[in-house]
Every structure is written in structure tokens, then in C-alpha cells.
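Next comes data.pdb, a file with PDB, C-alpha atoms.
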ATOM      1  CA  MET E   1      70.377 158.694  73.514
ATOM      2  CA  ARG E   2      73.014 160.576  75.414
ATOM      3  CA  LYS E   3      72.196 161.481  79.000
ATOM      4  CA  PHE E   4      74.841 164.172  79.217
ATOM      5  CA  ASN E   5      75.877 166.639  76.522
ATOM      6  CA  LYS E   6      79.560 166.495  77.446
ATOM      7  CA  LYS E   7      80.970 168.612  74.619
ATOM      8  CA  THR E   8      78.702 171.596  75.258
ATOM      9  CA  ILE E   9      78.992 171.580  79.023
ATOM     10  CA  PHE E  10      82.757 171.002  78.963
ATOM     11  CA  THR E  11      83.242 173.876  76.496
ATOM     12  CA  ALA E  12      81.083 176.214  78.583
ATOM     13  CA  LEU E  13      82.949 175.336  81.774
ATOM     14  CA  LEU E  14      86.267 175.972  80.029
ATOM     15  CA  VAL E  15      85.043 179.416  78.922
ATOM     16  CA  TYR E  16      83.965 180.237  82.465
ATOM     17  CA  LEU E  17      87.199 179.049  84.037
ATOM     18  CA  TYR E  18      89.300 180.861  81.437
ATOM     19  CA  SER E  19      87.305 184.078  81.829
ATOM     20  CA  ILE E  20      87.180 184.089  85.611
ATOM     21  CA  LEU E  21      90.621 182.715  86.475
ATOM     22  CA  ALA E  22      93.077 182.898  83.575
ATOM     23  CA  VAL E  23      92.286 186.320  82.089
ATOM     24  CA  PRO E  24      92.730 188.255  85.364
ATOM     25  CA  ALA E  25      95.886 186.309  86.184
ATOM     26  CA  ILE E  26      97.412 187.014  82.765
ATOM     27  CA  ASN E  27      96.494 190.701  82.989
ATOM     28  CA  PHE E  28      98.037 190.916  86.458
ATOM     29  CA  ARG E  29     101.250 189.239  85.238
ATOM     30  CA  LEU E  30     101.456 191.602  82.279
ATOM     31  CA  GLU E  31     101.063 194.636  84.537
ATOM     32  CA  GLN E  32     103.732 193.362  86.917
ATOM     33  CA  SER E  33     106.313 192.303  84.325
ATOM     34  CA  ILE E  34     106.140 195.076  81.693
ATOM     35  CA  SER E  35     107.201 198.546  82.735
ATOM     36  CA  ASP E  36     106.814 200.277  79.348
ATOM     37  CA  PRO E  37     103.209 201.564  79.078
ATOM     38  CA  ILE E  38     103.066 201.259  75.278
ATOM     39  CA  SER E  39     104.221 197.640  75.341
ATOM     40  CA  LEU E  40     101.811 196.884  78.172
ATOM     41  CA  VAL E  41      98.844 198.255  76.224
ATOM     42  CA  GLY E  42      99.940 196.357  73.114
ATOM     43  CA  PHE E  43     100.260 193.039  74.932
ATOM     44  CA  GLN E  44      96.958 193.574  76.738
ATOM     45  CA  ALA E  45      95.233 194.356  73.437
ATOM     46  CA  ILE E  46      96.624 191.198  71.849
ATOM     47  CA  HIS E  47      95.554 189.194  74.897
ATOM     48  CA  VAL E  48      92.010 190.625  74.790
ATOM     49  CA  ILE E  49      91.710 189.925  71.055
ATOM     50  CA  ILE E  50      92.859 186.334  71.531
ATOM     51  CA  SER E  51      90.484 185.956  74.498
ATOM     52  CA  TYR E  52      87.516 187.163  72.456
ATOM     53  CA  ILE E  53      88.431 184.934  69.516
ATOM     54  CA  LEU E  54      88.671 181.881  71.782
ATOM     55  CA  SER E  55      85.415 182.815  73.499
ATOM     56  CA  ALA E  56      83.674 183.301  70.152
ATOM     57  CA  LEU E  57      84.853 179.890  68.954
ATOM     58  CA  ALA E  58      83.545 178.312  72.138
ATOM     59  CA  ILE E  59      80.222 180.126  71.819
ATOM     60  CA  VAL E  60      79.830 178.950  68.221
ATOM     61  CA  THR E  61      80.580 175.409  69.366
ATOM     62  CA  ILE E  62      77.935 175.677  72.075
ATOM     63  CA  GLY E  63      75.402 177.368  69.791
ATOM     64  CA  ARG E  64      75.646 174.616  67.185
ATOM     65  CA  GLU E  65      74.594 171.905  69.622
ATOM     66  CA  LYS E  66      70.865 171.412  69.997
ATOM     67  CA  LYS E  67      69.265 171.395  73.400
ATOM     68  CA  ARG E  68      67.760 168.091  74.395
ATOM     69  CA  SER E  69      65.066 167.514  76.951
ATOM     70  CA  GLU E  70      67.111 164.822  78.709
ATOM     71  CA  THR E  71      70.058 167.189  79.327
ATOM     72  CA  LEU E  72      68.047 170.347  79.955
ATOM     73  CA  LEU E  73      68.508 170.365  83.734
ATOM     74  CA  TRP E  74      72.309 169.973  83.503
ATOM     75  CA  GLU E  75      72.534 172.719  80.908
ATOM     76  CA  ILE E  76      70.434 175.078  82.999
ATOM     77  CA  LEU E  77      72.621 174.479  86.059
ATOM     78  CA  LEU E  78      76.013 174.489  84.345
ATOM     79  CA  ILE E  79      75.542 176.878  81.429
ATOM     80  CA  ASP E  80      72.481 179.107  81.813
ATOM     81  CA  LEU E  81      72.770 180.176  85.447
ATOM     82  CA  PRO E  82      76.505 181.036  85.265
ATOM     83  CA  SER E  83      75.970 182.960  82.012
ATOM     84  CA  VAL E  84      73.179 185.035  83.575
ATOM     85  CA  TRP E  85      75.360 185.615  86.645
ATOM     86  CA  MET E  86      78.240 186.778  84.455
ATOM     87  CA  ALA E  87      75.982 188.898  82.229
ATOM     88  CA  THR E  88      74.689 190.812  85.252
ATOM     89  CA  LEU E  89      78.040 191.039  87.034
ATOM     90  CA  VAL E  90      78.551 194.764  86.351
ATOM     91  CA  ILE E  91      75.234 195.541  88.013
ATOM     92  CA  GLN E  92      76.068 193.244  90.920
ATOM     93  CA  VAL E  93      79.541 194.713  91.471
ATOM     94  CA  TYR E  94      78.515 198.359  91.350
ATOM     95  CA  LEU E  95      75.134 198.189  93.085
ATOM     96  CA  PHE E  96      75.638 195.545  95.731
ATOM     97  CA  ALA E  97      78.329 195.301  98.384
ATOM     98  CA  MET E  98      78.665 191.521  98.255
ATOM     99  CA  TYR E  99      81.713 191.695  95.955
ATOM    100  CA  ALA E 100      83.509 194.451  97.862
ATOM    101  CA  GLY E 101      87.159 193.543  98.192
ATOM    102  CA  VAL E 102      87.063 190.796  95.567
ATOM    103  CA  SER E 103      89.442 192.545  93.181
ATOM    104  CA  LEU E 104      89.354 189.634  90.739
ATOM    105  CA  LEU E 105      85.707 190.365  89.983
ATOM    106  CA  GLU E 106      85.817 194.141  90.414
ATOM    107  CA  THR E 107      88.638 194.798  87.967
ATOM    108  CA  ASN E 108      87.394 192.375  85.297
ATOM    109  CA  ALA E 109      83.650 192.946  85.634
ATOM    110  CA  MET E 110      83.230 194.450  82.154
ATOM    111  CA  PHE E 111      85.084 191.602  80.433
ATOM    112  CA  LEU E 112      83.164 188.961  82.379
ATOM    113  CA  THR E 113      79.881 190.723  81.610
ATOM    114  CA  ARG E 114      80.625 190.685  77.891
ATOM    115  CA  ILE E 115      81.481 186.984  77.927
ATOM    116  CA  GLY E 116      78.404 186.211  80.034
ATOM    117  CA  ALA E 117      76.175 188.184  77.681
ATOM    118  CA  LEU E 118      77.577 186.310  74.690
ATOM    119  CA  MET E 119      77.028 182.981  76.429
ATOM    120  CA  ALA E 120      73.476 184.010  77.388
ATOM    121  CA  GLY E 121      72.842 184.990  73.768
ATOM    122  CA  ALA E 122      74.014 181.586  72.586
ATOM    123  CA  GLU E 123      71.715 179.934  75.113
ATOM    124  CA  ILE E 124      68.742 182.040  73.992
ATOM    125  CA  TYR E 125      69.440 180.937  70.424
ATOM    126  CA  ARG E 126      69.580 177.316  71.561
ATOM    127  CA  TYR E 127      66.256 177.696  73.424
ATOM    128  CA  ILE E 128      64.612 179.156  70.315
ATOM    129  CA  ARG E 129      65.838 176.187  68.275
ATOM    130  CA  TYR E 130      64.691 173.791  71.007
ATOM    131  CA  ILE E 131      61.169 175.268  71.045
ATOM    132  CA  ARG E 132      60.931 175.253  67.243
ATOM    133  CA  ASP E 133      62.043 171.615  67.098
ATOM    134  CA  ARG E 134      59.453 170.636  69.693
ATOM    135  CA  GLU E 135      56.739 172.458  67.748
ATOM    136  CA  ARG E 136      57.747 170.691  64.545
ATOM    137  CA  LYS E 137      57.633 167.311  66.267
ATOM    138  CA  THR E 138      54.171 167.965  67.685
ATOM    139  CA  LYS E 139      52.866 169.115  64.287
ATOM    140  CA  SER E 140      54.246 166.068  62.524
ATOM    141  CA  GLU E 141      52.653 163.667  65.019
TER
END
Please express what this file holds, its structure, as C-alpha cells.
Amino acid sequence: MRKFNKKTIFTALLVYLYSILAVPAINFRLEQSISDPISLVGFQAIHVIISYILSALAIVTIGREKKRSETLLWEILLIDLPSVWMATLVIQVYLFAMYAGVSLLETNAMFLTRIGALMAGAEIYRYIRYIRDRERKTKSE
């Protein structure tokens, strides 16, 4: 038995780091380096499409792994809580003043909310599978 689901947690952490750090930095660089508005929009669109494709691949990878009772605490701390935080980020940014002045979160709140909602959806799917597997095991015993 594995004590730590390394592949799932590592993939989720990469998605979070990419979404929170790399995407805003790339968007900022694009805005600073390209002066033509049409080219800027084109490059940003390509970047967003690639970001969503990479995020979708990561979410599929996470969704395919089954939850295990021995790694449940780690997955709650490292996957579930950050995904709920990201999924509710738009509400947090616009209703609460705790993110005032944090332009990294304010300008990318919609993108981060979408990624967080997708990650939360993958986790809900994994919980449903986890509960069904537990029910099957109890019925078979």
C-alpha cells in the first residue's frame, strides 16, 4: 500500500503553481513586450487555450486516480482546500477587502476561479467513486 499518492498531489500542485504564478507572469510579459493590440490578443488567446488544455490534461490525470483512505488527509489538505479557495476566489476578491492591492489575484481572478472549479469538480467525482467503492466493499463482505 502506498502512503502517499505522489502522482495526483504532484500534478495538482503543478496546476496550482502554474495557474497562480506562471499565467499572470506570462500575461504581464505579453502586455509589456507586444505593442500591437491585435497581436497581443492573438498571443493571449493562444496562451489561454494552451493553459486550459494543460489544465484539462492535469484534471483528467487527477480524476483517473482513485481516492484511498490512507491518503485522504493529504489530498484534502493539498488538493481539496486549494481548489475550493480558487473556485471561490472571485467572490473573495470582489466582496472582501483582504486581497486589495494584490494585483496578481485581482487581475486573474476569473481564470483562477475556472481552474479551481474544474479541480473541485474532479475532486467531487473522485469522492463519488470513493464512496461507491466503499459501499461495494461493505456489500461484498
Next on the checklist: Which residue is closest to Gly63 of chain E? Choose from E:Ile20, E:Tyr94, E:Arg29, E:Ile79 and count all atoms listed in the file.
Outcome noted: E:Ile79
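With all atoms listed in the file as the atoms that count, the residue of E:Leu112, E:Val41, E:Ala25, E:Leu14 with the shortest distance to Ile62 of chain E is E:Leu14.
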Next on the checklist: Can you tell me which residues surround Leu54 of chain E at a distance of at most 9 Å, considering only C-alpha atoms, apart from same-chain residues fewer than 5 positions away, and format the answer as an NGL selection string?
Outcome noted: :E and (15 or 49 or 59)
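Matched in the shown structure by the PyMOL selection byres ((chain E and resi 85) around 12): E:Tyr16, E:Ile20, E:Leu77, E:Leu78, E:Ile79, E:Asp80, E:Leu81, E:Pro82, E:Ser83, E:Val84, E:Met86, E:Ala87, E:Thr88, E:Leu89, E:Val90, E:Ile91, E:Gln92, E:Val93, E:Leu105, E:Ala109, E:Leu112, E:Thr113, E:Arg114, E:Ile115, E:Gly116, E:Ala117, E:Met119, E:Ala120.
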Next on the checklist: Calculated over only C-alpha atoms, which of the candidates E:Asn5, E:Gln44, E:Thr11, E:Thr138 has the smallest distance to Thr61 of chain E?
Outcome noted: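 Counting only C-alpha atoms, the residue closest to Thr61 of chain E is E:Thr11.
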Checklist entry - With distances taken over only C-alpha atoms, which of E:Val60, E:Ile53, E:Val48, E:Glu31 is nearest to Gly121 of chain E? => result E:Val60
Next on the checklist: At a cut-off of 12 Å, using only C-alpha atoms, what residues contact Arg132 of chain E? Leave out same-chain residues fewer than 6 positions from it and give the result as number ranges by chain.
Outcome noted: E: 66-67, 125-126, 138-139
Checklist entry - Rounded to one decimal in Å, what is the spacing between atom CA of His47 of chain E and atom CA of Tyr18 of chain E? => result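 Taking atom CA of His47 of chain E and atom CA of Tyr18 of chain E, their separation equals 12.3 Å.
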Checklist entry - Just how far from atom CA of Leu118 of chain E is atom CA of Thr71 of chain E, in Å to one decimal? => result 21.1 Å
Checklist entry - How would you write, as number ranges by chain, the residues chosen by the PyMOL selection byres ((chain E and resi 24) around 10) on this structure? => result E: 18-23, 25-30, 103-105, 107-108, 111
Checklist entry - Any idea what the distance is between atom CA of Ile131 of chain E and atom CA of Leu73 of chain E? => result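 These atoms are spaced 15.5 Å apart.
With all atoms listed in the file as the atoms that count, the minimum distance from Ala12 of chain E to the choices E:Leu57, E:Leu72, E:Phe96, E:Glu141 is reached by E:Leu57.
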Item to check | Minimum-distance residue to Thr8 of chain E, chosen among E:Ala58, E:Ile76, E:Met98, E:Ile124 (using all atoms listed in the file) | outcome: E:Ala58
Could you add the missing atoms to segment 63-79 of chain E, up to N, CA and C atoms, and return them as a tab-separated table (two decimals), in the coordinates of the input?
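Okay, out27.tsv is ready:
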chain	number	residue	atom	x	y	z
E	63	GLY	N	76.60	177.00	70.53
E	63	GLY	CA	75.40	177.37	69.79
E	63	GLY	C	75.00	176.35	68.74
E	64	ARG	N	75.95	175.61	68.21
E	64	ARG	CA	75.65	174.62	67.18
E	64	ARG	C	74.96	173.39	67.74
E	65	GLU	N	75.21	173.07	69.00
E	65	GLU	CA	74.59	171.90	69.62
E	65	GLU	C	73.13	172.20	69.94
E	66	LYS	N	72.28	171.25	69.68
E	66	LYS	CA	70.86	171.41	70.00
E	66	LYS	C	70.62	171.05	71.46
E	67	LYS	N	69.68	171.74	72.05
E	67	LYS	CA	69.26	171.40	73.40
E	67	LYS	C	68.41	170.14	73.32
E	68	ARG	N	68.56	169.31	74.31
E	68	ARG	CA	67.76	168.09	74.40
E	68	ARG	C	67.03	168.08	75.73
E	69	SER	N	65.86	167.52	75.72
E	69	SER	CA	65.07	167.51	76.95
E	69	SER	C	65.72	166.69	78.05
E	70	GLU	N	66.48	165.66	77.67
E	70	GLU	CA	67.11	164.82	78.71
E	70	GLU	C	68.32	165.49	79.36
E	71	THR	N	68.91	166.49	78.73
E	71	THR	CA	70.06	167.19	79.33
E	71	THR	C	69.73	168.62	79.74
E	72	LEU	N	68.46	168.97	79.70
E	72	LEU	CA	68.05	170.35	79.96
E	72	LEU	C	68.41	170.81	81.36
E	73	LEU	N	68.21	169.98	82.36
E	73	LEU	CA	68.51	170.36	83.73
E	73	LEU	C	69.99	170.64	83.92
E	74	TRP	N	70.86	169.76	83.39
E	74	TRP	CA	72.31	169.97	83.50
E	74	TRP	C	72.72	171.25	82.81
E	75	GLU	N	72.16	171.52	81.64
E	75	GLU	CA	72.53	172.72	80.91
E	75	GLU	C	72.05	173.99	81.61
E	76	ILE	N	70.90	173.92	82.24
E	76	ILE	CA	70.43	175.08	83.00
E	76	ILE	C	71.37	175.36	84.17
E	77	LEU	N	71.75	174.31	84.89
E	77	LEU	CA	72.62	174.48	86.06
E	77	LEU	C	74.05	174.87	85.70
E	78	LEU	N	74.59	174.28	84.64
E	78	LEU	CA	76.01	174.49	84.34
E	78	LEU	C	76.30	175.52	83.25
E	79	ILE	N	75.30	175.90	82.49
E	79	ILE	CA	75.54	176.88	81.43
E	79	ILE	C	74.69	178.13	81.62
